[in-house]
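Data first, discussion second: the structure below is written as structure tokens.
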Amino acid sequence: MTGSGIRAADPAAPVVVAARRTPIGTAGHAYKDLTVELLAAPVVAAVARDARLGAGLDGRPVDDVVLGNCMGPGGNVARVAALAAGLGNEVPGLTVDRQCGSGLAAILVAAQAVRAGEAELVIAGGAESASTAPLRTRRGESEPYARAPFAPDGHPDPDMGPAAEALAAARGITRARQDAYAARSHAAALAARDAGAFTEEIVPVGGRHDDQRPRPLRVTSLARLPAAFTTPPSAGSVTAGNSSPISDGAAAVAVVPERLRAGRPGLRLVAGAVTGCDPALPGWGPVPAVRRVLARAGAGIEEVAAVELVEAFAAQVLAVTDALGLDPLGADAGRVCSGGGALALGHPWGATGAVVVTRLFTRLVRGGAPPGTLGLAAAAVGGGMGVAALFEVV
């Protein structure tokens, strides 16, 4: 499917002209000794090189680096990564924290700067090293705390696992569908990897060329796993098998204005949105965010050829796709996360929102989709938010 035709060219419209990512590693394994800037820097450098290969951008300086990151270590990860990437002392950096939507939110921030005429080449994305993130301790306490609050006292503030369980119950998402979707994500990722679909987007890091996690899964094996977030486990449906793992990785894109694209293929940002929702059900966030970007673009979901959702939990993906009228286990399997997603590849929190845009870039731009083809990226965010972006092939 494609959109209703390429929109009139706006010389200031932000366009993604390059996109790369690291292989994704499971926390404590592949990249257990690599700090976040060491994950981000090779990707930032590769995207800057890729962008400058195009006519109109040759030799152009990078105006800014904007990276999403959730877990620290602070010190402005984007600026540290920009220096580590060798971009030069004059290139600044901005670190964005919108939790699991940080990488996508960073791309929207970069696009806003480009559209406003304040920048002409911005590298944007995200990076996360759960393996090396510091433990945090409140003054006067001897034990580190698990996480900062997503909402203030008096508001619901569930951890994401119990929140996924609550969303599954609220939207009637069965255990069988969750397990089927998880198995499908792994199978799709393995098939994509074997077909070479990840090769051009991956920057080898730490001696790895492939994602660590995808593996063959049987629904019968998944069905034997206990629920992870309820007592007793038999009362729940969200398990380790249909949830994403804690992961390490980075991804980035280059954003430039249409007037500097010089005929080069890319993804033009049509509309972006960040919305709020009930903090008790944060997994619902992509639904209002996607509806808003589609309304702004005057497009229907049926016009979107490729959809990439951050697969934090199978329950969340299915609740969102049900609400949007998509069937990823049936008619829309070729549209929704067709190469697998975070359930199979892993979920480096601050980076995954940029990973899904990189996947869209590969599917549509590297894949040779015709101009006017629409692609959608979206993520749910702890605390009750959603981030979404609609892109168009140019």
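Every chain in the structure tokens takes a letter, A first, then B, and so on in the order presented; its residues are numbered from 1, and the ligands are numbered from 1 following the presented order.
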At most 9 Å is the cut-off: for each residue in stretch 147-254 of chain A with any atom that close to an atom of stretch 127-138 of chain A, write down the nearest atom pair and the distance in Å rounded to one decimal, counting only C-alpha atoms, chain first then increasing number, as JSON lines.
{"residue": "A:Arg147", "atom": "CA", "partner": "A:Arg136", "partner_atom": "CA", "distance": 8.3}
{"residue": "A:Ile246", "atom": "CA", "partner": "A:Ala130", "partner_atom": "CA", "distance": 7.0}
{"residue": "A:Ser247", "atom": "CA", "partner": "A:Ala130", "partner_atom": "CA", "distance": 6.3}
{"residue": "A:Asp248", "atom": "CA", "partner": "A:Ser129", "partner_atom": "CA", "distance": 4.7}
{"residue": "A:Gly249", "atom": "CA", "partner": "A:Glu128", "partner_atom": "CA", "distance": 5.7}
{"residue": "A:Ala250", "atom": "CA", "partner": "A:Ala127", "partner_atom": "CA", "distance": 4.1}
{"residue": "A:Ala251", "atom": "CA", "partner": "A:Ala127", "partner_atom": "CA", "distance": 6.5}
{"residue": "A:Ala252", "atom": "CA", "partner": "A:Ala127", "partner_atom": "CA", "distance": 8.6}
Only C-alpha atoms, please: the residues just picked out, written as a PDB file, in the first residue's frame.
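again.pdb was written with the following content:
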ATOM      1  CA  ARG A 147      13.750   3.448  39.106  1.00  0.00           C
ATOM      2  CA  ILE A 246      16.656  -5.545  28.904  1.00  0.00           C
ATOM      3  CA  SER A 247      19.194  -4.691  26.230  1.00  0.00           C
ATOM      4  CA  ASP A 248      22.128  -2.577  25.091  1.00  0.00           C
ATOM      5  CA  GLY A 249      22.393  -0.781  21.750  1.00  0.00           C
ATOM      6  CA  ALA A 250      22.270   2.439  19.771  1.00  0.00           C
ATOM      7  CA  ALA A 251      20.680   3.806  16.598  1.00  0.00           C
ATOM      8  CA  ALA A 252      20.815   7.125  14.779  1.00  0.00           C
TER       9      ALA A 252
END
*asked:* Could you go through stretch 70-293 of chain A and tell me which residues DSSP, when run on the backbone, assigns to strand (DSSP E), listing them as a VMD selection string?
replied: chain A and resid 93 to 96 122 to 129 247 to 257 267 to 276
Could you give me, as JSON lines, a per-residue list for stretch 82-199 of chain A showing, wherever an atom lies at most 7 Å from an atom of stretch 312-332 of chain A, the closest pair of atoms and their distance in Å to one decimal, using only C-alpha atoms and sorting by chain then residue number from low to high?
{"residue": "A:Ala164", "atom": "CA", "partner": "A:Gln316", "partner_atom": "CA", "distance": 6.1}
{"residue": "A:Leu167", "atom": "CA", "partner": "A:Gln316", "partner_atom": "CA", "distance": 6.9}
{"residue": "A:Ala168", "atom": "CA", "partner": "A:Ala315", "partner_atom": "CA", "distance": 5.4}
{"residue": "A:Arg171", "atom": "CA", "partner": "A:Ala319", "partner_atom": "CA", "distance": 6.2}
{"residue": "A:Ile173", "atom": "CA", "partner": "A:Ala315", "partner_atom": "CA", "distance": 6.2}
{"residue": "A:Gln178", "atom": "CA", "partner": "A:Ala314", "partner_atom": "CA", "distance": 5.1}
{"residue": "A:Tyr181", "atom": "CA", "partner": "A:Ala314", "partner_atom": "CA", "distance": 6.2}
{"residue": "A:Ala182", "atom": "CA", "partner": "A:Ala314", "partner_atom": "CA", "distance": 6.2}
With C-alpha atoms kept, could you save the residues just selected as an mmCIF file, in the first residue's frame?
data_model
loop_
_atom_site.group_PDB
_atom_site.id
_atom_site.type_symbol
_atom_site.label_atom_id
_atom_site.label_comp_id
_atom_site.auth_asym_id
_atom_site.auth_seq_id
_atom_site.Cartn_x
_atom_site.Cartn_y
_atom_site.Cartn_z
ATOM 1 C CA ALA A 164 1.246 -4.571 30.325
ATOM 2 C CA LEU A 167 -3.563 -3.475 29.548
ATOM 3 C CA ALA A 168 -3.997 -7.086 28.424
ATOM 4 C CA ARG A 171 -8.358 -4.887 26.225
ATOM 5 C CA ILE A 173 -5.635 -9.685 24.903
ATOM 6 C CA GLN A 178 0.576 -12.848 23.041
ATOM 7 C CA TYR A 181 2.888 -12.738 18.410
ATOM 8 C CA ALA A 182 6.155 -13.290 20.308
#
Which residues of stretch 207-322 of chain A sit at most 12 Å from stretch 18-41 of chain A, using only C-alpha atoms? Give each one's shortest atom pair and distance in Å (one decimal place), in chain and ascending residue order, as a Markdown table.
| residue | atom | partner | partner_atom | distance |
| --- | --- | --- | --- | --- |
| A:Gly207 | CA | A:Ala30 | CA | 9.0 |
| A:Arg208 | CA | A:Pro23 | CA | 6.7 |
| A:His209 | CA | A:Pro23 | CA | 6.2 |
| A:Asp210 | CA | A:Pro23 | CA | 5.2 |
| A:Asp211 | CA | A:Pro23 | CA | 4.5 |
| A:Gln212 | CA | A:Gly25 | CA | 5.2 |
| A:Arg213 | CA | A:Thr26 | CA | 6.7 |
| A:Pro214 | CA | A:Ile24 | CA | 10.0 |
| A:Ser244 | CA | A:Thr26 | CA | 10.1 |
| A:Pro245 | CA | A:Thr26 | CA | 6.9 |
| A:Ile246 | CA | A:Ala27 | CA | 5.7 |
| A:Ser247 | CA | A:Thr26 | CA | 4.4 |
| A:Asp248 | CA | A:Gly25 | CA | 5.2 |
| A:Gly249 | CA | A:Ile24 | CA | 4.9 |
| A:Ala250 | CA | A:Ala40 | CA | 5.4 |
| A:Ala251 | CA | A:Arg21 | CA | 3.9 |
| A:Ala252 | CA | A:Arg20 | CA | 5.7 |
| A:Val253 | CA | A:Ala19 | CA | 4.2 |
| A:Ala254 | CA | A:Ala18 | CA | 5.2 |
| A:Val255 | CA | A:Ala18 | CA | 7.8 |
| A:Val256 | CA | A:Ala18 | CA | 9.8 |
| A:Arg261 | CA | A:Ala18 | CA | 11.0 |
| A:Arg264 | CA | A:Ala18 | CA | 10.1 |
| A:Pro265 | CA | A:Ala18 | CA | 9.3 |
| A:Gly266 | CA | A:Ala18 | CA | 7.4 |
| A:Leu267 | CA | A:Ala18 | CA | 9.1 |
| A:Arg268 | CA | A:Ala18 | CA | 11.6 |
*Please identify all polymer residues within 7 Å of A:Gly341, counting only C-alpha atoms, omitting same-chain residues fewer than 4 positions from it, and present them as JSON, numbers by chain.*
{"A": [185, 310, 311, 337, 345]}
Could you write out that same residue set with C-alpha atoms as a JSON list (two decimals), in the first residue's frame?
[["chain", "number", "residue", "atom", "x", "y", "z"],
["A", 185, "SER", "CA", 8.48, -11.67, 16.05],
["A", 310, "VAL", "CA", 8.33, -0.63, 19.78],
["A", 311, "GLU", "CA", 7.53, -4.18, 20.86],
["A", 337, "CYS", "CA", 7.18, -5.11, 12.22],
["A", 345, "LEU", "CA", 15.89, -8.05, 18.69]]
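Considering only C-alpha atoms, the residue among A:Glu120, A:Glu201, A:Glu258, A:Glu141 positioned nearest to A:Val357 is A:Glu201.
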*Hey, what's within 10 Å of A:Asn76 if we count only C-alpha atoms and toss same-chain stuff fewer than 6 positions away? As number ranges by chain, please?*
A: 37, 66-67, 69, 92-96
Output the selection as a short mmCIF file (atom, residue, chain, number, x, y, z; two decimals), in the first residue's frame - N, CA, C and O atoms for each residue.
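File written: result-v7.cif
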data_model
loop_
_atom_site.label_atom_id
_atom_site.label_comp_id
_atom_site.auth_asym_id
_atom_site.auth_seq_id
_atom_site.Cartn_x
_atom_site.Cartn_y
_atom_site.Cartn_z
N GLU A 37 28.46 5.77 25.56
CA GLU A 37 29.06 6.56 24.48
C GLU A 37 29.86 5.69 23.52
O GLU A 37 29.99 6.01 22.33
N VAL A 66 21.52 14.82 18.75
CA VAL A 66 20.43 14.70 19.72
C VAL A 66 20.18 13.21 19.94
O VAL A 66 19.82 12.50 19.00
N LEU A 67 20.41 12.75 21.16
CA LEU A 67 20.26 11.32 21.46
C LEU A 67 19.34 11.10 22.65
O LEU A 67 19.43 11.80 23.65
N ASN A 69 18.24 8.87 25.86
CA ASN A 69 18.88 8.00 26.83
C ASN A 69 18.07 8.04 28.12
O ASN A 69 17.60 9.10 28.52
N PRO A 92 27.77 20.42 19.16
CA PRO A 92 27.18 20.27 20.49
C PRO A 92 26.39 18.96 20.60
O PRO A 92 26.40 18.13 19.69
N GLY A 93 25.69 18.82 21.70
CA GLY A 93 24.87 17.62 21.89
C GLY A 93 23.73 17.90 22.84
O GLY A 93 23.84 18.73 23.75
N LEU A 94 22.63 17.20 22.65
CA LEU A 94 21.44 17.32 23.51
C LEU A 94 20.95 15.92 23.82
O LEU A 94 20.75 15.11 22.91
N THR A 95 20.76 15.63 25.10
CA THR A 95 20.25 14.32 25.51
C THR A 95 18.79 14.44 25.92
O THR A 95 18.43 15.32 26.71
N VAL A 96 17.96 13.56 25.37
CA VAL A 96 16.51 13.59 25.56
C VAL A 96 16.10 12.37 26.39
O VAL A 96 16.54 11.25 26.12
#
*Choose the residue, out of A:Phe198, A:Pro162, A:Ala273, A:Val290, that has the smallest atom-to-atom separation from A:Ala227; count only C-alpha atoms.*
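Among A:Phe198, A:Pro162, A:Ala273, A:Val290, it is A:Pro162 that comes nearest to A:Ala227.
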